[in-house]
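K.L.:
My file is data28.cif. It has mmCIF, C-alpha atoms:
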```cif
data_query
loop_
_atom_site.label_atom_id
_atom_site.label_comp_id
_atom_site.auth_asym_id
_atom_site.auth_seq_id
_atom_site.Cartn_x
_atom_site.Cartn_y
_atom_site.Cartn_z
CA MET V 1 0.00 0.00 0.00
CA ALA V 2 1.47 3.34 -1.03
CA THR V 3 0.66 5.88 1.63
CA PRO V 4 1.31 9.58 1.02
CA LEU V 5 4.51 9.33 3.02
CA ILE V 6 5.86 6.44 0.98
CA LYS V 7 4.93 8.27 -2.23
CA LEU V 8 6.62 11.43 -1.02
CA LEU V 9 9.81 9.57 -0.22
CA HIS V 10 9.73 7.72 -3.49
CA GLU V 11 9.18 10.74 -5.71
CA HIS V 12 11.35 13.31 -3.99
CA ARG V 13 14.05 11.20 -2.40
CA GLU V 14 17.10 13.07 -3.73
CA GLU V 15 15.54 16.44 -3.16
CA LEU V 16 14.65 15.58 0.45
CA LEU V 17 18.12 14.24 1.10
CA ASP V 18 19.67 17.43 -0.29
CA ALA V 19 17.43 19.56 1.86
CA TRP V 20 18.36 17.57 4.94
CA LEU V 21 22.09 17.72 4.21
CA HIS V 22 21.76 21.43 3.66
CA HIS V 23 20.10 21.75 7.01
CA ALA V 24 22.77 19.57 8.61
CA GLN V 25 25.36 21.95 7.20
CA SER V 26 23.64 24.94 8.80
CA ILE V 27 23.44 23.14 12.18
CA TRP V 28 27.08 22.23 11.78
CA SER V 29 28.29 25.75 11.06
CA GLY V 30 25.98 27.26 13.66
CA ASN V 31 28.60 27.91 16.32
CA GLY V 32 30.83 30.17 14.28
CA ASN V 33 32.25 27.07 12.66
CA TYR V 34 32.49 27.76 8.94
CA GLU V 35 34.03 24.50 7.90
CA SER V 36 31.91 22.38 5.65
CA LEU V 37 30.44 19.18 6.93
CA PRO V 38 33.11 16.47 6.52
CA GLN V 39 32.61 14.08 3.63
CA GLU V 40 32.42 11.09 5.99
CA SER V 41 29.58 12.64 7.95
CA ARG V 42 27.76 13.37 4.69
CA LEU V 43 28.09 9.76 3.63
CA ARG V 44 26.98 8.58 7.03
CA LEU V 45 23.91 10.84 6.96
CA ARG V 46 23.13 9.63 3.46
CA SER V 47 23.10 6.01 4.57
CA ILE V 48 20.96 6.89 7.59
CA PHE V 49 18.53 8.61 5.28
CA ASP V 50 18.46 5.60 2.97
CA ASP V 51 17.86 3.30 5.91
CA ILE V 52 14.98 5.42 7.14
CA ALA V 53 13.45 5.49 3.64
CA THR V 54 13.76 1.71 3.37
CA LEU V 55 12.26 1.27 6.79
CA ILE V 56 9.28 3.44 5.92
CA ALA V 57 8.78 1.65 2.60
CA GLN V 58 8.80 -1.73 4.28
CA THR V 59 6.31 -1.03 7.04
CA THR V 60 2.80 0.37 7.19
CA PRO V 61 1.25 2.93 9.53
CA ASP V 62 -0.72 0.17 11.22
CA ASP V 63 2.33 -1.82 12.23
CA ASP V 64 3.51 -1.70 15.77
CA PHE V 65 6.78 -0.02 15.08
CA GLU V 66 9.79 -1.19 16.96
CA LEU V 67 13.29 -0.28 15.93
CA ASN V 68 15.51 -3.30 15.55
CA PRO V 69 18.53 -2.51 17.73
CA GLU V 70 20.70 -4.84 15.63
CA GLY V 71 19.50 -3.50 12.28
CA ALA V 72 21.44 -1.45 9.74
CA LEU V 73 19.72 1.81 10.71
CA ALA V 74 20.51 1.43 14.40
CA ASN V 75 24.07 0.57 13.49
CA HIS V 76 24.58 3.56 11.20
CA LEU V 77 23.00 5.87 13.72
CA HIS V 78 25.20 4.50 16.47
CA GLN V 79 28.34 5.01 14.41
CA PHE V 80 27.34 8.54 13.51
CA VAL V 81 26.64 9.45 17.14
CA THR V 82 29.94 7.91 18.22
CA GLU V 83 31.86 10.01 15.69
CA GLN V 84 30.03 13.14 16.73
CA ALA V 85 30.61 12.54 20.44
CA ARG V 86 34.30 11.83 19.84
CA ILE V 87 34.87 15.17 18.18
CA GLY V 88 33.01 16.78 21.06
CA SER V 89 29.86 18.06 19.41
CA GLY V 90 26.91 18.37 21.77
CA ALA V 91 23.96 16.03 22.07
CA ASN V 92 21.62 18.79 20.93
CA LYS V 93 23.33 18.92 17.52
CA THR V 94 22.99 15.22 16.87
CA ILE V 95 19.44 15.01 18.15
CA GLY V 96 18.62 18.27 16.35
CA LEU V 97 19.64 16.57 13.11
CA MET V 98 17.15 13.74 13.63
CA LEU V 99 14.40 16.15 14.59
CA SER V 100 15.10 18.33 11.57
CA LEU V 101 14.54 15.35 9.27
CA LYS V 102 11.22 14.66 10.97
CA HIS V 103 10.26 18.28 10.62
CA LEU V 104 11.24 18.27 6.97
CA LEU V 105 9.20 15.16 6.19
CA SER V 106 6.12 16.22 8.11
CA THR V 107 6.11 19.71 6.57
CA ARG V 108 6.35 18.31 3.08
CA LEU V 109 3.70 15.74 3.83
CA PHE V 110 1.41 18.44 5.12
CA ASP V 111 2.00 20.66 2.09
CA ARG V 112 0.92 17.93 -0.29
CA SER V 113 -2.18 17.20 1.77
CA GLU V 114 -3.72 15.33 -1.14
CA ALA V 115 -5.10 12.60 1.05
CA ASP V 116 -5.58 12.13 4.73
CA ALA V 117 -2.08 12.34 6.14
CA VAL V 118 -2.90 12.06 9.82
CA ALA V 119 -2.10 8.36 10.02
CA ASP V 120 1.18 8.98 8.25
CA LEU V 121 2.08 11.84 10.54
CA MET V 122 1.43 9.71 13.60
CA TRP V 123 3.53 7.00 12.11
CA LEU V 124 6.36 9.41 11.38
CA GLU V 125 6.10 10.61 14.96
CA ARG V 126 6.44 7.08 16.30
CA ILE V 127 9.42 6.25 14.13
CA PHE V 128 11.29 9.40 15.02
CA ASP V 129 10.49 9.04 18.69
CA SER V 130 12.40 5.80 18.80
CA LEU V 131 15.17 7.19 16.58
CA THR V 132 15.62 10.15 18.92
CA GLN V 133 15.60 7.84 21.89
CA LEU V 134 18.24 5.66 20.29
CA THR V 135 20.36 8.69 19.42
CA PHE V 136 20.19 9.96 22.95
CA THR V 137 21.00 6.60 24.53
CA ALA V 138 23.89 6.10 22.13
CA PHE V 139 25.21 9.55 22.93
CA VAL V 140 25.08 9.02 26.68
CA ASP V 141 26.71 5.61 26.26
CA VAL V 142 29.62 7.08 24.34
CA ARG V 143 30.10 9.86 26.85
CA GLU V 144 29.98 7.49 29.83
CA HIS V 145 32.52 5.30 28.12
CA LEU V 146 34.78 8.31 27.61
CA ILE V 147 34.42 9.34 31.25
CA THR V 148 35.28 5.86 32.49
CA GLN V 149 38.33 5.81 30.26
CA GLN V 150 39.42 9.20 31.49
CA SER V 151 39.05 8.36 35.15
CA LEU V 152 41.03 5.19 34.54
CA SER V 153 43.84 7.11 32.92
CA LEU V 154 43.69 9.65 35.72
CA LEU V 155 44.10 6.79 38.17
CA GLU V 156 47.16 5.65 36.24
CA LEU V 157 48.60 9.14 36.22
CA SER V 158 48.08 9.90 39.85
CA THR V 159 50.19 7.18 41.47
CA PRO V 160 53.76 7.52 40.31
CA VAL V 161 56.49 5.92 42.39
CA LEU V 162 59.63 8.00 41.95
CA ARG V 163 63.17 6.92 42.47
CA LEU V 164 64.63 9.80 44.42
CA TRP V 165 68.11 8.45 44.91
CA SER V 166 69.66 5.04 44.90
CA ARG V 167 67.58 2.87 47.25
CA ILE V 168 65.29 5.79 48.15
CA LEU V 169 61.77 5.92 46.71
CA LEU V 170 59.27 8.75 46.85
CA LEU V 171 55.54 8.19 46.67
CA PRO V 172 53.71 11.50 46.48
CA LEU V 173 50.01 10.93 47.15
CA VAL V 174 47.60 13.42 45.65
CA GLY V 175 43.82 13.49 45.90
CA VAL V 176 41.21 11.14 47.21
CA ILE V 177 42.36 7.73 48.40
CA ASP V 178 39.63 5.16 48.09
CA THR V 179 39.86 1.39 48.20
CA ILE V 180 40.63 0.98 44.50
CA ARG V 181 43.37 3.58 44.54
CA ALA V 182 44.80 2.31 47.80
CA ARG V 183 45.13 -1.15 46.32
CA GLN V 184 46.77 0.22 43.22
CA ILE V 185 49.17 2.40 45.22
CA THR V 186 50.22 -0.59 47.33
CA GLU V 187 50.78 -2.76 44.28
CA ARG V 188 52.88 -0.17 42.48
CA LEU V 189 54.90 0.65 45.54
CA LEU V 190 55.71 -2.96 46.42
CA GLU V 191 56.75 -3.64 42.85
CA ALA V 192 59.05 -0.61 42.86
CA ILE V 193 60.53 -1.47 46.25
CA ALA V 194 61.41 -4.95 45.02
CA ARG V 195 62.82 -3.67 41.73
CA HIS V 196 65.00 -0.96 43.22
CA GLU V 197 65.81 -2.77 46.46
CA ALA V 198 64.72 0.35 48.27
CA ARG V 199 65.86 0.82 51.85
CA VAL V 200 63.76 3.89 52.50
CA THR V 201 60.40 4.95 51.08
CA ILE V 202 59.06 8.45 51.59
CA LEU V 203 55.27 8.65 51.66
CA ASP V 204 54.28 12.25 51.07
CA LEU V 205 50.72 13.17 52.05
CA THR V 206 50.85 16.90 51.24
CA GLY V 207 48.25 16.45 48.49
CA VAL V 208 45.76 14.37 50.49
CA PRO V 209 42.90 16.68 51.51
CA VAL V 210 41.41 14.66 54.37
CA ILE V 211 42.82 11.75 56.32
CA ASP V 212 39.93 9.94 57.92
CA THR V 213 39.91 6.46 59.46
CA SER V 214 39.42 4.72 56.16
CA VAL V 215 42.33 6.53 54.49
CA ALA V 216 44.46 5.94 57.59
CA GLN V 217 43.72 2.25 57.48
CA HIS V 218 44.70 2.05 53.82
CA LEU V 219 47.94 3.85 54.61
CA MET V 220 48.73 1.54 57.51
CA LYS V 221 48.26 -1.52 55.34
CA THR V 222 50.49 -0.06 52.63
CA ILE V 223 53.16 0.77 55.20
CA ASP V 224 53.01 -2.71 56.75
CA ALA V 225 53.35 -4.39 53.38
CA ALA V 226 56.29 -2.15 52.44
CA ARG V 227 58.05 -3.01 55.68
CA LEU V 228 57.77 -6.71 54.95
CA LEU V 229 59.93 -6.04 51.92
CA GLY V 230 62.60 -4.51 54.09
CA THR V 231 62.08 -0.85 53.43
CA GLN V 232 61.74 1.80 56.07
CA VAL V 233 58.85 4.21 55.62
CA VAL V 234 59.12 7.94 56.29
CA MET V 235 55.75 9.69 56.25
CA THR V 236 55.75 13.40 55.42
CA GLY V 237 53.41 16.26 54.70
CA ILE V 238 50.73 15.86 57.37
CA SER V 239 49.42 19.35 58.08
CA PRO V 240 49.14 20.71 61.65
CA GLU V 241 45.34 20.51 61.38
CA GLY V 242 45.58 17.02 59.98
CA ALA V 243 47.74 15.92 62.89
CA GLN V 244 45.29 17.35 65.40
CA THR V 245 42.36 15.67 63.69
CA LEU V 246 44.13 12.33 63.53
CA THR V 247 44.90 12.27 67.24
CA LYS V 248 41.32 13.28 68.07
CA LEU V 249 40.06 10.46 65.89
CA GLY V 250 42.26 8.18 67.94
CA ILE V 251 44.42 7.04 65.06
CA ARG V 252 48.01 6.28 65.99
CA PHE V 253 50.82 5.99 63.53
CA GLY V 254 52.89 5.14 66.58
CA ASP V 255 55.79 3.27 65.09
CA VAL V 256 55.93 5.13 61.76
CA LEU V 257 58.74 7.59 61.26
CA CYS V 258 57.19 10.97 60.46
CA ARG V 259 58.61 14.29 59.30
CA ALA V 260 56.65 17.49 58.85
CA THR V 261 57.83 18.37 55.37
CA LEU V 262 59.08 16.55 52.33
CA ARG V 263 62.42 18.35 52.74
CA ALA V 264 62.88 16.97 56.25
CA GLY V 265 61.78 13.59 54.99
CA ILE V 266 64.44 13.57 52.28
CA ALA V 267 67.09 14.56 54.80
CA GLU V 268 65.98 11.70 57.04
CA ALA V 269 66.00 9.23 54.17
CA LEU V 270 69.55 10.23 53.22
CA LEU V 271 70.63 9.90 56.82
CA LEU V 272 69.12 6.43 57.02
CA THR V 273 71.06 5.33 53.94
CA GLY V 274 74.25 6.96 55.20
CA GLN V 275 74.41 9.77 52.66
CA ARG V 276 74.22 13.51 52.71
CA ILE V 277 73.91 16.47 50.44
CA SER V 278 76.89 18.80 50.73
CA PRO V 279 77.93 21.98 48.91
CA VAL V 280 80.15 21.49 45.87
CA GLU V 281 82.76 23.93 47.24
CA GLU V 282 83.35 21.91 50.38
CA ARG V 283 84.14 18.78 48.45
CA ARG V 284 86.80 20.54 46.32
CA SER V 285 88.81 21.78 49.23
CA MET L 1 8.72 34.31 62.63
CA PRO L 2 10.56 31.01 62.55
CA GLU L 3 14.22 31.34 61.86
CA SER L 4 15.32 29.98 58.52
CA PHE L 5 18.64 28.26 58.15
CA ALA L 6 20.83 28.17 55.12
CA GLY L 7 21.30 24.46 54.48
CA THR L 8 22.58 22.14 51.82
CA LYS L 9 21.22 18.67 51.29
CA ILE L 10 23.61 16.20 49.71
CA PRO L 11 22.49 12.77 48.62
CA VAL L 12 25.12 10.21 49.62
CA MET L 13 25.18 7.36 47.16
CA SER L 14 28.75 6.88 46.01
CA ALA L 15 32.28 7.62 47.12
CA ALA L 16 32.22 10.79 45.02
CA ASP L 17 29.40 12.15 47.19
CA ILE L 18 31.65 11.88 50.24
CA VAL L 19 34.02 14.32 48.56
CA THR L 20 31.13 16.66 47.76
CA ALA L 21 29.81 16.59 51.34
CA ARG L 22 33.29 17.23 52.66
CA ARG L 23 33.74 20.21 50.37
CA VAL L 24 30.37 21.72 51.34
CA ALA L 25 31.28 21.38 55.04
CA ARG L 26 34.67 22.94 54.48
CA ASP L 27 33.24 25.81 52.44
CA LEU L 28 30.64 26.62 55.08
CA CYS L 29 33.34 26.68 57.78
CA GLU L 30 35.37 29.03 55.67
CA ARG L 31 32.38 31.29 55.02
CA LEU L 32 31.76 31.57 58.75
CA GLY L 33 35.37 32.51 59.25
CA LEU L 34 36.43 29.35 61.06
CA GLY L 35 40.09 28.43 60.98
CA LYS L 36 41.82 25.64 59.17
CA ALA L 37 41.81 23.35 62.19
CA ASP L 38 38.03 23.58 62.49
CA GLN L 39 37.59 23.14 58.75
CA THR L 40 39.62 19.94 58.80
CA ARG L 41 37.88 18.77 61.96
CA LEU L 42 34.41 19.09 60.46
CA ALA L 43 35.41 17.83 57.00
CA THR L 44 36.88 14.70 58.56
CA ALA L 45 33.81 14.13 60.74
CA VAL L 46 31.51 14.48 57.71
CA SER L 47 33.78 12.16 55.80
CA GLU L 48 33.54 9.48 58.49
CA LEU L 49 29.76 9.65 58.74
CA ALA L 50 29.20 9.70 54.98
CA ARG L 51 31.56 6.77 54.54
CA ASN L 52 29.60 4.80 57.14
CA VAL L 53 26.44 5.45 55.14
CA ILE L 54 28.04 4.06 51.97
CA GLN L 55 29.52 1.10 53.77
CA TYR L 56 26.58 -0.02 55.86
CA ALA L 57 23.44 1.44 54.31
CA CYS L 58 24.49 1.98 50.65
CA GLU L 59 22.71 5.34 50.45
CA GLY L 60 21.51 8.19 52.59
CA VAL L 61 21.34 11.96 52.92
CA CYS L 62 23.67 14.49 54.47
CA LEU L 63 22.22 17.82 55.54
CA ILE L 64 24.66 20.61 56.36
CA GLU L 65 23.19 23.73 57.97
CA ASP L 66 24.38 27.04 59.31
CA ARG L 67 22.63 27.43 62.67
CA SER L 68 24.53 30.39 64.00
CA ASP L 69 22.92 32.96 66.27
CA SER L 70 24.11 36.29 67.60
CA HIS L 71 26.54 34.75 70.11
CA THR L 72 27.71 31.55 68.53
CA ARG L 73 28.71 30.25 65.16
CA ARG L 74 27.16 26.84 64.84
CA ILE L 75 27.23 24.28 62.06
CA ARG L 76 24.91 21.33 62.25
CA VAL L 77 25.36 18.25 60.14
CA GLN L 78 22.74 15.57 60.02
CA VAL L 79 23.43 12.27 58.28
CA GLU L 80 20.50 9.95 57.78
CA ASP L 81 20.06 6.57 56.17
CA ARG L 82 17.55 3.76 55.87
CA GLY L 83 20.05 1.00 56.44
CA PRO L 84 19.95 -1.91 58.89
CA GLY L 85 20.65 0.35 61.88
CA ILE L 86 23.12 -0.01 64.73
CA PRO L 87 21.99 -2.77 67.12
CA ASP L 88 24.20 -1.84 70.05
CA ILE L 89 25.02 1.86 70.13
CA PRO L 90 27.29 1.83 73.23
CA LEU L 91 29.31 -0.97 71.65
CA ALA L 92 29.53 0.90 68.33
CA MET L 93 30.81 3.92 70.24
CA THR L 94 33.64 1.87 71.75
CA ASP L 95 37.13 2.48 70.43
CA GLY L 96 38.42 -0.37 68.35
CA TYR L 97 35.09 -2.04 67.75
CA SER L 98 34.20 -2.58 64.11
CA THR L 99 31.87 -4.96 62.32
CA SER L 100 33.63 -4.50 59.01
CA GLY L 101 37.29 -5.06 59.83
CA GLY L 102 37.94 -1.32 60.00
CA LEU L 103 39.94 0.52 62.64
CA GLY L 104 36.88 0.99 64.82
CA ALA L 105 37.70 4.64 65.29
CA GLY L 106 35.04 6.16 63.03
CA LEU L 107 32.13 6.81 65.41
CA PRO L 108 34.05 7.33 68.69
CA GLY L 109 36.61 9.43 66.83
CA THR L 110 33.92 11.57 65.24
CA ARG L 111 32.40 12.19 68.68
CA ARG L 112 35.76 13.47 69.89
CA LEU L 113 36.11 15.70 66.81
CA VAL L 114 32.86 17.62 67.29
CA ASP L 115 31.23 19.60 70.09
CA GLU L 116 27.87 17.84 70.12
CA PHE L 117 27.12 14.34 69.01
CA GLN L 118 23.78 12.63 68.91
CA ILE L 119 22.89 9.25 67.52
CA GLU L 120 19.50 7.64 67.00
CA SER L 121 19.18 4.26 65.39
CA GLU L 122 16.60 1.60 64.77
CA PRO L 123 16.36 -0.95 61.98
CA GLY L 124 15.52 0.99 58.82
CA HIS L 125 16.45 4.41 60.13
CA THR L 126 19.65 5.82 61.54
CA ARG L 127 20.28 9.49 62.19
CA ILE L 128 23.48 11.02 63.47
CA THR L 129 23.60 14.71 64.30
CA ILE L 130 26.83 16.57 64.95
CA ILE L 131 27.36 20.20 65.82
CA LEU L 132 30.48 22.31 65.64
CA ARG L 133 30.34 25.40 67.89
CA LYS L 134 32.50 28.46 68.06
CA PRO L 135 31.74 31.65 70.00
CA LEU L 136 31.73 34.81 67.92
#
```
Mind turning this structure into structure tokens?
P.N.:
Amino acid sequence: MATPLIKLLHEHREELLDAWLHHAQSIWSGNGNYESLPQESRLRLRSIFDDIATLIAQTTPDDDFELNPEGALANHLHQFVTEQARIGSGANKTIGLMLSLKHLLSTRLFDRSEADAVADLMWLERIFDSLTQLTFTAFVDVREHLITQQSLSLLELSTPVLRLWSRILLLPLVGVIDTIRARQITERLLEAIARHEARVTILDLTGVPVIDTSVAQHLMKTIDAARLLGTQVVMTGISPEGAQTLTKLGIRFGDVLCRATLRAGIAEALLLTGQRISPVEERRS
Amino acid sequence: MPESFAGTKIPVMSAADIVTARRVARDLCERLGLGKADQTRLATAVSELARNVIQYACEGVCLIEDRSDSHTRRIRVQVEDRGPGIPDIPLAMTDGYSTSGGLGAGLPGTRRLVDEFQIESEPGHTRITIILRKPL
């Protein structure tokens, strides 16, 4: 059965596609961006358009429309959204594109108004509802994926174990220490201690905003494990307020060597390994 | 006219919310002109309570309010959850007691950190109220 919508798509396919691409171009260059729409995106939009046309030709307004999530259309749409999200364009642009196609089709359908187009309009509405939904879900998925990736790489970045001098390691802790990070910190540190045969490890807490019981417990476990490998731990960088809070909480780092600043900690570490920093002049004489 | 208090309600559902609650507490301290020691004191207390919520009840709410009057600067923090509750409060307030293999310093430590500490608990509802006071 050839409904007005199917006829419209059949007779004016190229013209509709051109109009849509034109519109896509104006959305694209909306934010002071005068580049033309990349060729790949054009091709992608073309195949999405073709898929939608095929979909409409194959179904009827009376069908219960459900978008096949494994179908070609869903796939193309997903790829397009992924590309768009990667290059950082907003969700409103991508969804705006889908809505503009719906608008285009319904306006044209209305203009023809040769037969009763209400059923077709409703149908169009249903199809584009699920397309918009899919676009939105795909967009959020991509973004969430990006965020997870970023926080993972941030995790990687934020726990470096530095070799300060021969057999002296420095572990500067920055930011929030939760269970996952604590485990990672311990793993990295133990590995480094074994590799460098470290005698002293300086644990600098200057960048840790709050030391509560949970953070303290993680630290204690890390320190205990490090000691089993034969390294001595010097803890530095606890602020005066932090120290006061810790004692009020009733947390004791009783047998851990502490120094107020990283500088004092380094001096202590050198002392423990029987070394010192001396002026160049002195050594010459 | 009933006094209105400037308050912030923070849903506590994940570890990230602990950081948010801590920051709100710290910011309010700073706004009231409290020193660094008090800021850290309150931030740590909030951190302990919020972490308990995540650990034992999975989710809850943290309400941070400025309840100052003309003589005293006062910050009230109320942490509530619908978790299993604390069966034996005196035991939970004992140093070194923990049901989760922790240090057992969270609740008793928090009580020492703040000026007022109140705890109400029954299965399905636990509310802990802490107040930090400082004369003007």
K.L.:
With all atoms listed in the file counted, which protein, DNA or RNA residues have an atom no more than 9 Å from (70.7, -1.2, 53.3) in the file frame? Please answer as a ChimeraX atom specification.
P.N.:
/V:167,197-200,230-231,272-273
K.L.:
Just say which residues the PyMOL selection byres ((chain L and resi 85) around 8) picks in this file, as a compact mmCIF listing (two decimals) with C-alpha atoms, keeping the file's coordinate frame.
P.N.:
```
# COMPACT_ATOMS: atom_id res chain seq x y z
CA ARG L 82 17.55 3.76 55.87
CA GLY L 83 20.05 1.00 56.44
CA PRO L 84 19.95 -1.91 58.89
CA ILE L 86 23.12 -0.01 64.73
CA PRO L 87 21.99 -2.77 67.12
CA SER L 121 19.18 4.26 65.39
CA GLU L 122 16.60 1.60 64.77
CA PRO L 123 16.36 -0.95 61.98
CA GLY L 124 15.52 0.99 58.82
CA HIS L 125 16.45 4.41 60.13
CA THR L 126 19.65 5.82 61.54
```
K.L.:
Which residues are close to Ile131 of chain L, i.e. within 12 Å by only C-alpha atoms, leaving aside same-chain residues fewer than 3 positions away? Reply as an MDAnalysis selection string.
P.N.:
chainID L and resid 25 29 38 41:42 45:46 63:68 72:79 110:119 128 134
K.L.:
Hey, could you make a per-residue contact list for chain L against chain V with 12 Å as the cut-off, showing the nearest pair of atoms and its distance in Å to one decimal, counting all atoms listed in the file, sorted by chain and number, as a Markdown table?
P.N.:
```
| residue | atom | partner | partner_atom | distance |
| --- | --- | --- | --- | --- |
| L:Ser14 | CA | V:Asp178 | CA | 11.2 |
| L:Ala15 | CA | V:Asp178 | CA | 7.8 |
| L:Ala16 | CA | V:Val176 | CA | 9.3 |
| L:Asp17 | CA | V:Val176 | CA | 11.9 |
| L:Ile18 | CA | V:Val176 | CA | 10.1 |
| L:Val19 | CA | V:Val176 | CA | 8.0 |
| L:Thr20 | CA | V:Val176 | CA | 11.5 |
| L:Arg22 | CA | V:Val210 | CA | 8.7 |
| L:Arg23 | CA | V:Pro209 | CA | 9.9 |
| L:Arg26 | CA | V:Val210 | CA | 10.7 |
| L:Gly35 | CA | V:Glu241 | CA | 9.5 |
| L:Lys36 | CA | V:Glu241 | CA | 6.6 |
| L:Ala37 | CA | V:Glu241 | CA | 4.6 |
| L:Asp38 | CA | V:Glu241 | CA | 8.0 |
| L:Gln39 | CA | V:Glu241 | CA | 8.6 |
| L:Thr40 | CA | V:Glu241 | CA | 6.3 |
| L:Arg41 | CA | V:Thr245 | CA | 5.7 |
| L:Leu42 | CA | V:Thr245 | CA | 9.2 |
| L:Ala43 | CA | V:Val210 | CA | 7.3 |
| L:Thr44 | CA | V:Asp212 | CA | 5.7 |
| L:Ala45 | CA | V:Asp212 | CA | 7.9 |
| L:Val46 | CA | V:Asp212 | CA | 9.6 |
| L:Ser47 | CA | V:Asp212 | CA | 6.9 |
| L:Glu48 | CA | V:Asp212 | CA | 6.4 |
| L:Leu49 | CA | V:Asp212 | CA | 10.2 |
| L:Ala50 | CA | V:Asp212 | CA | 11.1 |
| L:Arg51 | CA | V:Ser214 | CA | 8.3 |
| L:Asn52 | CA | V:Ser214 | CA | 9.9 |
| L:Gln55 | CA | V:Ser214 | CA | 10.8 |
| L:Thr94 | CA | V:Gly250 | CA | 11.3 |
| L:Asp95 | CA | V:Gly250 | CA | 8.1 |
| L:Gly96 | CA | V:Gly250 | CA | 9.4 |
| L:Ser98 | CA | V:Thr213 | CA | 11.7 |
| L:Ser100 | CA | V:Ser214 | CA | 11.3 |
| L:Gly101 | CA | V:Gln217 | CA | 10.0 |
| L:Gly102 | CA | V:Gln217 | CA | 7.2 |
| L:Leu103 | CA | V:Gln217 | CA | 6.6 |
| L:Gly104 | CA | V:Thr213 | CA | 8.2 |
| L:Ala105 | CA | V:Leu249 | CA | 6.3 |
| L:Gly106 | CA | V:Thr213 | CA | 6.0 |
| L:Leu107 | CA | V:Leu249 | CA | 8.7 |
| L:Pro108 | CA | V:Leu249 | CA | 7.3 |
| L:Gly109 | CA | V:Leu249 | CA | 3.7 |
| L:Thr110 | CA | V:Leu249 | CA | 6.3 |
| L:Arg111 | CA | V:Leu249 | CA | 8.3 |
| L:Arg112 | CA | V:Lys248 | CA | 5.9 |
| L:Leu113 | CA | V:Lys248 | CA | 5.9 |
| L:Val114 | CA | V:Lys248 | CA | 9.5 |
```
K.L.:
Evaluate the PyMOL selection byres ((chain L and resi 71) around 7) against this structure - the residues, as a short mmCIF file (atom, residue, chain, number, x, y, z; two decimals) with C-alpha atoms, in the frame of the given file, please.
P.N.:
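In the end it all went to expr_7.cif:
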```cif
data_model
loop_
_atom_site.label_atom_id
_atom_site.label_comp_id
_atom_site.auth_asym_id
_atom_site.auth_seq_id
_atom_site.Cartn_x
_atom_site.Cartn_y
_atom_site.Cartn_z
CA ASP L 69 22.92 32.96 66.27
CA SER L 70 24.11 36.29 67.60
CA THR L 72 27.71 31.55 68.53
CA PRO L 135 31.74 31.65 70.00
CA LEU L 136 31.73 34.81 67.92
#
```
K.L.:
With N, CA and C atoms as the target, complete segment 127-138 of chain V and hand it back as an mmCIF file, in the frame of the given file.
P.N.:
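Written output follows (part.cif):
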```
data_model
loop_
_atom_site.group_PDB
_atom_site.id
_atom_site.type_symbol
_atom_site.label_atom_id
_atom_site.label_comp_id
_atom_site.auth_asym_id
_atom_site.auth_seq_id
_atom_site.Cartn_x
_atom_site.Cartn_y
_atom_site.Cartn_z
ATOM 1 N N ILE V 127 8.097 6.661 14.605
ATOM 2 C CA ILE V 127 9.420 6.250 14.130
ATOM 3 C C ILE V 127 10.500 7.163 14.685
ATOM 4 N N PHE V 128 10.243 8.471 14.597
ATOM 5 C CA PHE V 128 11.290 9.400 15.020
ATOM 6 C C PHE V 128 11.446 9.473 16.538
ATOM 7 N N ASP V 129 10.355 9.140 17.234
ATOM 8 C CA ASP V 129 10.490 9.040 18.690
ATOM 9 C C ASP V 129 11.538 8.005 19.038
ATOM 10 N N SER V 130 11.419 6.822 18.419
ATOM 11 C CA SER V 130 12.400 5.800 18.800
ATOM 12 C C SER V 130 13.781 6.129 18.257
ATOM 13 N N LEU V 131 13.852 6.801 17.099
ATOM 14 C CA LEU V 131 15.170 7.190 16.580
ATOM 15 C C LEU V 131 15.855 8.182 17.527
ATOM 16 N N THR V 132 15.058 9.148 18.010
ATOM 17 C CA THR V 132 15.620 10.150 18.920
ATOM 18 C C THR V 132 16.093 9.500 20.203
ATOM 19 N N GLN V 133 15.256 8.562 20.670
ATOM 20 C CA GLN V 133 15.600 7.840 21.890
ATOM 21 C C GLN V 133 16.925 7.099 21.711
ATOM 22 N N LEU V 134 17.030 6.421 20.575
ATOM 23 C CA LEU V 134 18.240 5.660 20.290
ATOM 24 C C LEU V 134 19.455 6.589 20.223
ATOM 25 N N THR V 135 19.262 7.732 19.545
ATOM 26 C CA THR V 135 20.360 8.690 19.420
ATOM 27 C C THR V 135 20.836 9.143 20.788
ATOM 28 N N PHE V 136 19.848 9.456 21.622
ATOM 29 C CA PHE V 136 20.190 9.960 22.950
ATOM 30 C C PHE V 136 20.925 8.903 23.779
ATOM 31 N N THR V 137 20.371 7.685 23.767
ATOM 32 C CA THR V 137 21.000 6.600 24.530
ATOM 33 C C THR V 137 22.430 6.369 24.039
ATOM 34 N N ALA V 138 22.568 6.330 22.712
ATOM 35 C CA ALA V 138 23.890 6.100 22.130
ATOM 36 C C ALA V 138 24.854 7.194 22.572
#
```
